[in-house]
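With mmCIF, C-alpha atoms and all ligand atoms inside, this is model_23.cif:
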data_input
#
loop_
_atom_site.label_atom_id
_atom_site.label_comp_id
_atom_site.auth_asym_id
_atom_site.auth_seq_id
_atom_site.Cartn_x
_atom_site.Cartn_y
_atom_site.Cartn_z
CA MET O 1 -50.20 -46.64 -29.67
CA ARG O 2 -50.82 -43.94 -32.28
CA LYS O 3 -47.90 -41.96 -33.63
CA LYS O 4 -47.51 -38.38 -32.43
CA SER O 5 -47.24 -37.26 -36.06
CA LEU O 6 -50.72 -38.66 -36.71
CA ASP O 7 -52.23 -36.53 -33.92
CA LYS O 8 -50.49 -33.45 -35.29
CA GLY O 9 -51.71 -34.25 -38.81
CA LEU O 10 -55.29 -34.68 -37.56
CA ILE O 11 -55.28 -31.24 -35.95
CA ARG O 12 -53.81 -29.71 -39.09
CA LYS O 13 -56.52 -31.26 -41.24
CA TYR O 14 -59.61 -31.04 -39.02
CA GLY O 15 -58.81 -28.17 -36.65
CA SER O 16 -58.42 -27.97 -32.90
CA PRO O 17 -59.83 -29.10 -30.56
CA LEU O 18 -60.82 -32.44 -32.02
CA PHE O 19 -62.46 -35.57 -30.62
CA VAL O 20 -60.87 -38.74 -32.00
CA LEU O 21 -62.66 -42.08 -31.91
CA ASP O 22 -60.69 -45.32 -32.11
CA LYS O 23 -63.26 -47.57 -33.76
CA GLU O 24 -61.35 -50.80 -33.20
CA LYS O 25 -61.16 -50.09 -29.49
CA LEU O 26 -64.89 -49.31 -29.42
CA VAL O 27 -65.77 -52.61 -31.06
CA SER O 28 -63.29 -54.63 -28.99
CA ASN O 29 -64.67 -53.13 -25.75
CA PHE O 30 -68.15 -54.25 -26.77
CA GLU O 31 -66.97 -57.69 -27.85
CA LYS O 32 -65.10 -58.28 -24.62
CA ILE O 33 -68.18 -57.53 -22.54
CA ASN O 34 -70.37 -59.63 -24.81
CA THR O 35 -67.97 -62.59 -24.66
CA GLU O 36 -67.26 -62.54 -20.92
CA PHE O 37 -70.94 -62.43 -19.95
CA ASN O 38 -72.12 -64.93 -22.54
CA LYS O 39 -69.50 -67.42 -21.36
CA LEU O 40 -71.51 -67.57 -18.13
CA PHE O 41 -75.15 -66.80 -18.98
CA PRO O 42 -77.12 -65.82 -22.12
CA THR O 43 -76.72 -62.06 -22.14
CA ILE O 44 -77.80 -59.16 -24.31
CA VAL O 45 -75.47 -56.17 -24.24
CA ALA O 46 -77.42 -52.96 -24.86
CA TYR O 47 -75.26 -49.90 -25.43
CA SER O 48 -76.49 -46.98 -23.33
CA TYR O 49 -76.95 -44.17 -25.86
CA LYS O 50 -76.89 -41.37 -23.32
CA THR O 51 -73.20 -42.00 -22.74
CA ASN O 52 -72.38 -40.82 -26.27
CA TYR O 53 -75.07 -40.90 -28.92
CA LEU O 54 -73.07 -39.99 -31.99
CA PRO O 55 -74.93 -41.93 -34.70
CA PHE O 56 -71.63 -43.34 -36.01
CA ILE O 57 -70.93 -44.92 -32.62
CA CYS O 58 -74.47 -46.26 -32.18
CA HIS O 59 -74.42 -47.64 -35.74
CA SER O 60 -70.97 -49.25 -35.37
CA LEU O 61 -72.17 -51.04 -32.24
CA HIS O 62 -75.47 -52.05 -33.83
CA LYS O 63 -73.51 -53.63 -36.69
CA VAL O 64 -71.58 -55.87 -34.29
CA GLY O 65 -74.69 -57.00 -32.42
CA ALA O 66 -75.29 -54.48 -29.65
CA TYR O 67 -78.84 -53.67 -28.61
CA ALA O 68 -79.75 -50.06 -27.89
CA GLU O 69 -80.66 -48.70 -24.46
CA VAL O 70 -82.43 -45.41 -25.06
CA ILE O 71 -84.44 -42.71 -23.39
CA PRO O 72 -87.53 -41.47 -25.29
CA GLY O 73 -86.89 -38.44 -27.48
CA PHE O 74 -84.00 -38.09 -29.86
CA GLU O 75 -82.15 -41.19 -28.62
CA PHE O 76 -85.12 -43.29 -29.76
CA GLU O 77 -85.17 -41.38 -33.04
CA ILE O 78 -81.45 -42.11 -33.62
CA ALA O 79 -82.01 -45.82 -32.95
CA LYS O 80 -84.83 -45.90 -35.51
CA LYS O 81 -82.85 -43.87 -38.04
CA ILE O 82 -79.96 -46.33 -37.93
CA LYS O 83 -82.51 -49.14 -38.31
CA VAL O 84 -82.23 -50.87 -34.96
CA PRO O 85 -85.35 -53.08 -34.88
CA GLY O 86 -87.79 -52.51 -32.03
CA GLU O 87 -87.08 -55.82 -30.30
CA LYS O 88 -83.46 -54.69 -29.95
CA ILE O 89 -84.34 -51.40 -28.24
CA ILE O 90 -84.73 -51.08 -24.47
CA VAL O 91 -86.48 -47.92 -23.37
CA ASN O 92 -85.78 -46.52 -19.91
CA GLY O 93 -86.17 -43.19 -18.20
CA PRO O 94 -88.52 -41.45 -15.76
CA TYR O 95 -90.35 -39.43 -18.44
CA LYS O 96 -92.01 -41.10 -21.38
CA PRO O 97 -94.65 -38.77 -22.84
CA GLU O 98 -97.83 -40.60 -23.84
CA CYS O 99 -97.55 -39.83 -27.58
CA GLU O 100 -93.96 -41.13 -27.58
CA LEU O 101 -95.02 -44.22 -25.60
CA ILE O 102 -97.48 -45.05 -28.37
CA SER O 103 -94.76 -45.07 -31.04
CA ILE O 104 -92.36 -46.95 -28.74
CA ILE O 105 -95.02 -49.63 -28.20
CA GLN O 106 -95.93 -49.74 -31.90
CA TYR O 107 -92.25 -50.13 -32.78
CA GLY O 108 -92.07 -53.20 -30.50
CA CYS O 109 -89.46 -52.01 -27.97
CA LYS O 110 -88.89 -53.36 -24.49
CA ILE O 111 -90.15 -50.76 -22.01
CA ASN O 112 -89.05 -50.56 -18.40
CA VAL O 113 -91.77 -48.67 -16.57
CA ASP O 114 -90.58 -46.11 -14.06
CA ASN O 115 -93.66 -44.84 -12.21
CA ILE O 116 -97.42 -45.18 -11.76
CA PHE O 117 -98.22 -42.25 -14.07
CA GLU O 118 -96.40 -43.95 -16.90
CA LEU O 119 -98.20 -47.18 -16.01
CA ARG O 120 -101.52 -45.32 -16.11
CA ASP O 121 -100.69 -44.13 -19.65
CA ILE O 122 -99.71 -47.63 -20.74
CA ILE O 123 -102.97 -49.06 -19.40
CA GLY O 124 -104.79 -46.30 -21.32
CA ILE O 125 -102.95 -47.26 -24.52
CA ALA O 126 -103.72 -50.97 -24.01
CA ASN O 127 -107.42 -50.13 -23.55
CA LYS O 128 -107.56 -47.67 -26.44
CA PHE O 129 -105.95 -50.03 -28.95
CA ASN O 130 -107.42 -53.17 -27.40
CA ILE O 131 -104.01 -54.84 -27.06
CA THR O 132 -101.98 -56.57 -24.35
CA ILE O 133 -98.76 -54.76 -23.51
CA GLU O 134 -95.70 -56.49 -22.08
CA ILE O 135 -93.58 -54.38 -19.78
CA GLY O 136 -90.54 -54.49 -17.56
CA LEU O 137 -90.54 -52.82 -14.15
CA ARG O 138 -87.68 -50.65 -12.99
CA VAL O 139 -86.95 -51.44 -9.37
CA ASN O 140 -84.74 -49.34 -7.15
CA ILE O 141 -82.76 -51.19 -4.57
CA ASN O 142 -80.63 -49.84 -1.76
CA VAL O 143 -77.39 -51.76 -2.20
CA GLY O 144 -75.47 -49.50 0.17
CA SER O 145 -73.41 -47.63 -2.42
CA LYS O 146 -71.94 -44.23 -1.57
CA ILE O 147 -74.10 -42.48 -4.12
CA ILE O 148 -77.69 -43.59 -3.88
CA TRP O 149 -79.75 -43.90 -7.06
CA ASN O 150 -83.29 -43.86 -5.77
CA LYS O 151 -85.03 -41.45 -8.11
CA PHE O 152 -85.93 -44.14 -10.61
CA GLY O 153 -88.46 -46.93 -10.54
CA PHE O 154 -90.41 -48.59 -7.75
CA ASN O 155 -88.68 -49.07 -4.44
CA LEU O 156 -88.04 -52.58 -3.23
CA GLU O 157 -87.48 -51.97 0.46
CA ASN O 158 -90.64 -49.98 1.22
CA GLY O 159 -92.96 -52.45 -0.54
CA GLU O 160 -93.79 -50.17 -3.47
CA ALA O 161 -92.45 -52.65 -6.04
CA GLN O 162 -94.53 -55.44 -4.51
CA GLN O 163 -97.69 -53.30 -4.52
CA ILE O 164 -97.27 -52.53 -8.20
CA VAL O 165 -96.73 -56.20 -9.09
CA ASP O 166 -99.86 -57.12 -7.13
CA PHE O 167 -101.81 -54.40 -8.89
CA ILE O 168 -100.64 -55.37 -12.39
CA SER O 169 -101.31 -59.07 -11.77
CA LYS O 170 -105.01 -58.21 -11.57
CA LEU O 171 -105.03 -56.56 -15.01
CA ASN O 172 -105.69 -58.70 -18.03
CA ASN O 173 -103.97 -56.53 -20.66
CA ILE O 174 -100.64 -55.71 -18.99
CA LYS O 175 -98.02 -58.42 -18.45
CA ILE O 176 -94.76 -58.06 -16.55
CA ILE O 177 -92.02 -59.83 -18.48
CA GLY O 178 -88.94 -58.03 -17.20
CA LEU O 179 -87.31 -56.66 -14.07
CA HIS O 180 -84.78 -53.87 -14.34
CA THR O 181 -82.42 -52.05 -12.03
CA HIS O 182 -79.43 -49.76 -12.49
CA ILE O 183 -77.41 -49.00 -9.40
CA GLY O 184 -75.23 -46.10 -10.56
CA THR O 185 -72.22 -45.29 -12.66
CA ASN O 186 -68.49 -45.98 -12.34
CA ILE O 187 -69.18 -48.64 -9.71
CA THR O 188 -65.87 -50.15 -8.60
CA ASP O 189 -67.29 -52.55 -6.01
CA VAL O 190 -68.60 -55.61 -7.83
CA ALA O 191 -70.21 -56.89 -4.63
CA LEU O 192 -72.87 -54.21 -5.14
CA TYR O 193 -73.89 -55.96 -8.36
CA SER O 194 -74.17 -59.27 -6.55
CA LYS O 195 -76.38 -57.62 -3.96
CA ALA O 196 -78.60 -55.98 -6.57
CA THR O 197 -78.88 -59.23 -8.53
CA ASN O 198 -79.63 -61.19 -5.38
CA HIS O 199 -82.43 -58.82 -4.37
CA ILE O 200 -84.01 -58.65 -7.80
CA VAL O 201 -83.92 -62.43 -8.32
CA ASP O 202 -85.41 -62.99 -4.86
CA PHE O 203 -88.13 -60.49 -5.73
CA TYR O 204 -88.88 -62.46 -8.87
CA LEU O 205 -88.91 -65.78 -6.96
CA LYS O 206 -91.44 -64.29 -4.55
CA ASN O 207 -93.63 -63.39 -7.52
CA VAL O 208 -93.18 -66.26 -9.97
CA ASP O 209 -96.90 -66.64 -10.33
CA LYS O 210 -97.33 -62.94 -11.18
CA ILE O 211 -94.32 -62.33 -13.42
CA ASP O 212 -93.76 -64.21 -16.67
CA LEU O 213 -90.05 -63.37 -16.60
CA LYS O 214 -88.26 -63.15 -19.95
CA TYR O 215 -85.46 -60.79 -18.98
CA LEU O 216 -83.54 -59.56 -15.97
CA ASP O 217 -81.91 -56.22 -16.71
CA ILE O 218 -79.11 -55.23 -14.33
CA GLY O 219 -78.28 -51.91 -16.04
CA GLY O 220 -74.84 -50.43 -16.60
CA GLY O 221 -72.31 -48.65 -14.43
CA PHE O 222 -69.11 -50.67 -14.98
CA CYS O 223 -66.14 -48.44 -14.26
CA THR O 224 -63.39 -47.22 -16.54
CA GLU O 225 -59.84 -46.05 -15.88
CA MET O 226 -59.73 -43.10 -13.50
CA ASN O 227 -56.66 -41.06 -12.85
CA GLY O 228 -56.17 -39.07 -9.66
CA LEU O 229 -58.09 -41.52 -7.56
CA GLU O 230 -57.48 -39.73 -4.27
CA THR O 231 -59.42 -36.71 -5.49
CA LEU O 232 -62.40 -38.99 -6.10
CA GLY O 233 -62.32 -40.41 -2.61
CA TYR O 234 -60.64 -43.71 -3.55
CA GLN O 235 -57.39 -45.11 -2.18
CA SER O 236 -54.64 -44.45 -4.71
CA LYS O 237 -53.98 -48.21 -4.94
CA THR O 238 -57.59 -49.16 -5.60
CA LYS O 239 -57.68 -52.11 -7.96
CA PHE O 240 -60.32 -51.68 -10.62
CA PRO O 241 -62.47 -54.66 -11.44
CA CYS O 242 -62.32 -56.05 -14.95
CA ILE O 243 -65.32 -57.09 -17.02
CA LYS O 244 -64.87 -60.71 -15.95
CA ASP O 245 -65.35 -59.66 -12.31
CA TYR O 246 -68.64 -57.92 -13.09
CA ALA O 247 -69.79 -60.90 -15.15
CA HIS O 248 -69.10 -63.32 -12.29
CA ALA O 249 -70.67 -61.04 -9.68
CA ILE O 250 -73.93 -60.91 -11.64
CA CYS O 251 -74.17 -64.24 -13.46
CA ASN O 252 -73.14 -66.51 -10.58
CA ILE O 253 -76.06 -65.28 -8.50
CA ILE O 254 -78.50 -65.84 -11.36
CA ILE O 255 -77.15 -69.32 -12.04
CA ASP O 256 -77.23 -70.23 -8.33
CA LYS O 257 -80.82 -69.13 -7.91
CA LEU O 258 -82.41 -69.80 -11.29
CA GLY O 259 -80.11 -72.25 -13.01
CA LYS O 260 -79.39 -71.80 -16.72
CA SER O 261 -83.03 -71.27 -17.59
CA LYS O 262 -83.57 -71.16 -21.31
CA GLU O 263 -86.49 -68.76 -20.95
CA ILE O 264 -84.64 -65.96 -19.19
CA VAL O 265 -82.03 -63.70 -20.68
CA LEU O 266 -79.81 -61.27 -18.81
CA ILE O 267 -79.63 -57.73 -20.19
CA ILE O 268 -76.84 -55.33 -19.29
CA GLU O 269 -76.64 -51.69 -20.36
CA PRO O 270 -73.02 -50.54 -20.25
CA GLY O 271 -72.17 -47.10 -21.56
CA ARG O 272 -68.85 -45.84 -20.29
CA ALA O 273 -67.20 -49.28 -20.32
CA ILE O 274 -67.77 -49.40 -24.08
CA ILE O 275 -66.96 -45.88 -25.19
CA ASP O 276 -64.91 -44.04 -22.56
CA ASP O 277 -61.39 -45.14 -23.45
CA ALA O 278 -62.19 -45.40 -27.16
CA MET O 279 -62.20 -41.63 -27.51
CA CYS O 280 -59.72 -38.90 -26.76
CA LEU O 281 -59.60 -35.16 -27.27
CA LEU O 282 -56.75 -33.40 -29.01
CA THR O 283 -56.34 -29.79 -27.96
CA THR O 284 -53.77 -27.06 -28.61
CA ILE O 285 -51.89 -24.91 -26.12
CA THR O 286 -52.77 -21.26 -26.74
CA ALA O 287 -51.00 -19.42 -23.91
CA ILE O 288 -48.67 -20.02 -20.99
CA LYS O 289 -48.46 -18.08 -17.72
CA ASN O 290 -46.81 -18.42 -14.38
CA ILE O 291 -49.62 -18.08 -11.90
CA PHE O 292 -48.20 -17.74 -8.40
CA ASP O 293 -45.16 -19.60 -9.70
CA VAL O 294 -47.18 -22.50 -11.08
CA HIS O 295 -46.55 -23.28 -14.75
CA SER O 296 -50.05 -22.76 -16.15
CA ILE O 297 -51.02 -23.64 -19.66
CA PHE O 298 -54.14 -22.53 -21.49
CA ILE O 299 -55.75 -24.80 -24.07
CA ASP O 300 -58.50 -24.34 -26.63
CA ALA O 301 -60.81 -26.94 -24.99
CA GLY O 302 -62.88 -25.96 -21.96
CA VAL O 303 -65.14 -27.55 -19.40
CA ASN O 304 -68.03 -26.94 -21.79
CA ILE O 305 -66.74 -29.85 -23.91
CA ILE O 306 -65.00 -31.85 -21.17
CA PRO O 307 -67.56 -31.34 -18.38
CA SER O 308 -66.34 -34.33 -16.40
CA SER O 309 -63.24 -32.27 -15.54
CA TYR O 310 -65.37 -30.90 -12.70
CA TYR O 311 -65.35 -34.26 -10.94
CA ARG O 312 -62.76 -36.60 -12.45
CA LYS O 313 -59.24 -36.68 -13.78
CA HIS O 314 -58.14 -37.82 -17.22
CA SER O 315 -54.86 -39.11 -18.54
CA ILE O 316 -53.13 -36.14 -20.17
CA GLU O 317 -50.17 -36.43 -22.51
CA LEU O 318 -48.11 -33.73 -24.15
CA ILE O 319 -47.63 -34.52 -27.83
CA SER O 320 -44.13 -33.17 -28.33
CA ASP O 321 -40.58 -34.38 -28.46
CA SER O 322 -39.70 -32.23 -25.46
CA LYS O 323 -36.89 -33.78 -23.40
CA GLU O 324 -37.58 -31.39 -20.54
CA LYS O 325 -38.21 -32.74 -17.06
CA PRO O 326 -41.89 -32.89 -16.10
CA ILE O 327 -42.95 -29.99 -13.89
CA ILE O 328 -46.08 -29.26 -11.93
CA THR O 329 -48.64 -27.79 -14.29
CA ASP O 330 -52.16 -26.40 -14.14
CA ILE O 331 -54.31 -26.58 -17.26
CA TYR O 332 -56.96 -23.94 -17.96
CA GLY O 333 -59.53 -23.85 -20.75
CA PRO O 334 -60.51 -20.89 -22.95
CA LEU O 335 -63.76 -19.93 -21.18
CA CYS O 336 -64.25 -16.68 -19.26
CA MET O 337 -64.79 -18.40 -15.95
CA GLN O 338 -62.31 -19.21 -13.23
CA VAL O 339 -63.81 -22.71 -12.88
CA ASP O 340 -62.70 -23.54 -16.40
CA LEU O 341 -59.86 -25.61 -15.04
CA ILE O 342 -59.20 -28.89 -16.81
CA ASP O 343 -56.66 -30.21 -14.32
CA SER O 344 -54.24 -28.95 -11.73
CA GLY O 345 -51.05 -30.08 -10.08
CA ILE O 346 -50.15 -32.63 -12.75
CA TYR O 347 -46.65 -33.36 -14.02
CA LEU O 348 -46.03 -32.50 -17.67
CA PRO O 349 -42.85 -31.68 -19.60
CA LYS O 350 -42.55 -27.92 -19.99
CA ALA O 351 -44.71 -27.06 -22.99
CA THR O 352 -44.75 -24.28 -25.54
CA VAL O 353 -47.59 -22.51 -27.30
CA GLY O 354 -48.78 -24.56 -30.28
CA ASN O 355 -48.00 -27.92 -28.65
CA ILE O 356 -50.82 -30.46 -28.61
CA LEU O 357 -52.24 -32.18 -25.54
CA LYS O 358 -54.01 -35.51 -25.76
CA ILE O 359 -56.72 -35.92 -23.12
CA GLY O 360 -57.66 -39.57 -22.73
CA THR O 361 -60.90 -41.33 -21.73
CA CYS O 362 -63.12 -38.65 -23.24
CA GLY O 363 -65.77 -40.95 -24.70
CA ALA O 364 -68.31 -41.10 -21.89
CA TYR O 365 -70.55 -38.20 -20.93
CA GLU O 366 -68.35 -35.51 -22.49
CA LEU O 367 -70.07 -34.84 -25.81
CA SER O 368 -73.50 -35.82 -24.52
CA HIS O 369 -73.17 -33.43 -21.54
CA SER O 370 -71.34 -30.74 -23.51
CA ILE O 371 -72.79 -27.28 -24.02
CA GLN O 372 -72.19 -24.31 -26.27
CA PHE O 373 -70.68 -21.75 -23.97
CA ILE O 374 -68.31 -19.15 -25.37
CA ARG O 375 -66.92 -21.84 -27.69
CA THR O 376 -68.84 -24.23 -29.92
CA ARG O 377 -68.38 -27.99 -30.02
CA PRO O 378 -65.51 -29.47 -32.02
CA ALA O 379 -65.48 -31.94 -34.88
CA VAL O 380 -65.20 -35.69 -34.33
CA VAL O 381 -63.14 -38.06 -36.47
CA ALA O 382 -63.06 -41.84 -36.42
CA ILE O 383 -59.90 -43.82 -37.04
CA GLU O 384 -60.19 -47.35 -38.32
CA LYS O 385 -58.03 -49.68 -40.36
CA SER O 386 -59.57 -48.49 -43.61
CA GLY O 387 -58.79 -44.85 -42.89
CA ILE O 388 -59.91 -41.71 -41.09
CA ASP O 389 -63.39 -40.23 -41.45
CA LEU O 390 -64.97 -37.03 -40.28
CA ILE O 391 -68.03 -38.30 -38.42
CA ARG O 392 -69.29 -34.96 -37.14
CA ARG O 393 -68.34 -31.55 -38.42
CA LYS O 394 -67.35 -28.75 -36.08
CA GLU O 395 -70.19 -26.50 -34.98
CA ASN O 396 -70.12 -22.98 -36.33
CA PRO O 397 -71.63 -19.74 -34.97
CA GLU O 398 -74.57 -20.16 -37.35
CA ASP O 399 -75.49 -23.41 -35.55
CA VAL O 400 -75.71 -21.46 -32.29
CA ILE O 401 -78.05 -18.75 -33.55
CA SER O 402 -80.06 -20.62 -36.16
CA LEU O 403 -82.98 -21.35 -33.81
CA ASP O 404 -83.59 -17.70 -33.01
CA ASN O 405 -86.28 -15.61 -34.67
CA TRP O 406 -84.21 -13.08 -36.56
CA GLU O 407 -87.33 -11.73 -38.30
CA LEU O 408 -88.21 -9.84 -35.11
CA LEU O 409 -84.96 -7.92 -35.28
CA LYS O 410 -85.38 -6.56 -38.80
C1 LIG I 501 -80.71 -46.88 -16.94
C2 LIG I 501 -79.27 -46.71 -17.29
N1 LIG I 501 -78.64 -47.70 -17.92
C3 LIG I 501 -77.34 -47.61 -18.28
C4 LIG I 501 -76.61 -46.47 -17.99
C5 LIG I 501 -75.16 -46.42 -18.40
O1 LIG I 501 -74.32 -46.29 -17.31
P1 LIG I 501 -72.73 -46.38 -17.50
O2 LIG I 501 -72.36 -45.40 -18.55
O3 LIG I 501 -72.19 -46.00 -16.17
O4 LIG I 501 -72.42 -47.78 -17.88
C6 LIG I 501 -77.23 -45.42 -17.31
C7 LIG I 501 -76.46 -44.22 -16.95
O5 LIG I 501 -76.77 -43.47 -16.11
C8 LIG I 501 -78.60 -45.53 -16.95
O6 LIG I 501 -79.25 -44.55 -16.32
#

Give the structure from the file, written as structure tokens.
Ligand SMILES: Cc1ncc(COP(=O)(O)O)c(C=O)c1O
Amino acid sequence: MRKKSLDKGLIRKYGSPLFVLDKEKLVSNFEKINTEFNKLFPTIVAYSYKTNYLPFICHSLHKVGAYAEVIPGFEFEIAKKIKVPGEKIIVNGPYKPECELISIIQYGCKINVDNIFELRDIIGIANKFNITIEIGLRVNINVGSKIIWNKFGFNLENGEAQQIVDFISKLNNIKIIGLHTHIGTNITDVALYSKATNHIVDFYLKNVDKIDLKYLDIGGGFCTEMNGLETLGYQSKTKFPCIKDYAHAICNIIIDKLGKSKEIVLIIEPGRAIIDDAMCLLTTITAIKNIFDVHSIFIDAGVNIIPSSYYRKHSIELISDSKEKPIITDIYGPLCMQVDLIDSGIYLPKATVGNILKIGTCGAYELSHSIQFIRTRPAVVAIEKSGIDLIRRKENPEDVISLDNWELLK
């Protein structure tokens, strides 16, 4: 547990609001996943860049052995810039422009093909360069989860995935070496992973003569701590699975059906389970009002930098020595929109202007979904044993307007 004085000192030095990365936690989250899965089955853990692609985070994980799961575009560029070799990059996504596909193939990445138009481009590249291209196929499977992820890949149930395997098996320069699926995010029911794994392994077994399987990629989606469960449609006493539970749910099916084959590796692509609780946001109280008798505090961080406030709750702690009894509090951000509400109806000790709030589990999908709106994005610091480093400076107004053509206005 960090000292309150440290949080205050960080704000004084780097400004408010401020994202704070706990590097040890980041690395230990990765290592735990890596260890628990590899105890059961040979597994590659590929960090999903979209969750939070700060180069410092991607690089720290690369250094401890994580592969990179990227989408074409700047995520791929970051992976190359931090020198992740091609064989350690898994490329997903429903849009892979042809010119980017060429460099992805030349760099030697693993590609999970999403649709027939992408496949058409890959066949074109194989013909043009007179090469054989190895691919993975993204398969979408209805596992019965509340939120259905069916926009990606080839569908299993309606026979589309089978048709595409049949088609590719007749080509002599495209080889299927991987099967991929990703069933959603923040999945608390590990049985859904067993179902997905079961279906995808059965699909492979039906096609052993057409697929030279080197990897089974079951995607990410492992959950992290969620406060205010009722608001998310869960029972308040829901027990969250731990990494071991996910590992058993997935690996036991593979072992049952395929044995511990030396040729096949499991790939998983966790994002939030690695970064979410390794990052928090420090923010300062700027005003206090009583709105219809509810103690309402205003902070300098809005939904533009904590966009998940729209749909989830975070742990929120007042960094003060206040001995006051907690009272019901609403927390508003600084944006000129009524929906800029960070949380409501939570118990906090009565605060005063200038106090700091620590908002926990801010690592996943906050910065990467953040936008410039009224306020710019804050700085990010990393804390590790050796000290504290600024890993991204705060945006300034010049960053917001630097892309515009000011020549036209002269
Ligand atoms: C293909 C793929 N892999 C991995 C992830 C990471 O998911 P999570 O952050 O829930 O682990 C995502 C997120 O949507 C994804 O689309």

Give as a PDB file with C-alpha atoms, in the coordinates of the input the residues surrounding ligand LIG 501 (chain I) up to a distance of 6 Å, considering all atoms listed in the file.
ATOM      1  CA  SER O  48     -76.490 -46.980 -23.330  1.00  0.00           C
ATOM      2  CA  THR O  51     -73.200 -42.000 -22.740  1.00  0.00           C
ATOM      3  CA  ASN O  92     -85.780 -46.520 -19.910  1.00  0.00           C
ATOM      4  CA  HIS O 182     -79.430 -49.760 -12.490  1.00  0.00           C
ATOM      5  CA  THR O 185     -72.220 -45.290 -12.660  1.00  0.00           C
ATOM      6  CA  ASN O 186     -68.490 -45.980 -12.340  1.00  0.00           C
ATOM      7  CA  GLY O 219     -78.280 -51.910 -16.040  1.00  0.00           C
ATOM      8  CA  GLY O 220     -74.840 -50.430 -16.600  1.00  0.00           C
ATOM      9  CA  GLY O 221     -72.310 -48.650 -14.430  1.00  0.00           C
ATOM     10  CA  PHE O 222     -69.110 -50.670 -14.980  1.00  0.00           C
ATOM     11  CA  GLU O 269     -76.640 -51.690 -20.360  1.00  0.00           C
ATOM     12  CA  PRO O 270     -73.020 -50.540 -20.250  1.00  0.00           C
ATOM     13  CA  GLY O 271     -72.170 -47.100 -21.560  1.00  0.00           C
ATOM     14  CA  ARG O 272     -68.850 -45.840 -20.290  1.00  0.00           C
ATOM     15  CA  ALA O 273     -67.200 -49.280 -20.320  1.00  0.00           C
TER      16      ALA O 273
END

Inset, instruction - Select all residues near (-81.9, -68.7, -22.3) (cut-off 12 Å, inclusive, file coordinates), counting only C-alpha atoms, and output them as a PyMOL selection string. - result: chain O and resi 38+40-44+213-216+254-255+258-267

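Here atom CA of Ile125 of chain O and atom CA of Glu69 of chain O stand 22.3 Å from one another.
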
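Here atom CA of Leu318 of chain O is placed at a distance of 24.1 Å from atom CA of Met337 of chain O.
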
Inset, instruction - Counting only C-alpha atoms, figure out which residue out of O:Pro326, O:Gly363, O:Gly108, O:Pro378 gets nearest to Leu21 of chain O. - result: O:Gly363

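One finds atom CA of Asn34 of chain O at 27.4 Å from atom CA of Gly144 of chain O.
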
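Residues with any atom within 8 Å of segment 6-13 of chain O, counting all atoms listed in the file and excluding same-chain neighbours fewer than 4 positions away, are Arg2, Pro17, Leu18, Leu282, Ile319 and Ile356 of chain O.
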
Legend entry - Among listed residues O:Asn198, O:Gln162, O:Asn112, O:Ser16, nearest Ile299 of chain O (using only C-alpha atoms): O:Ser16
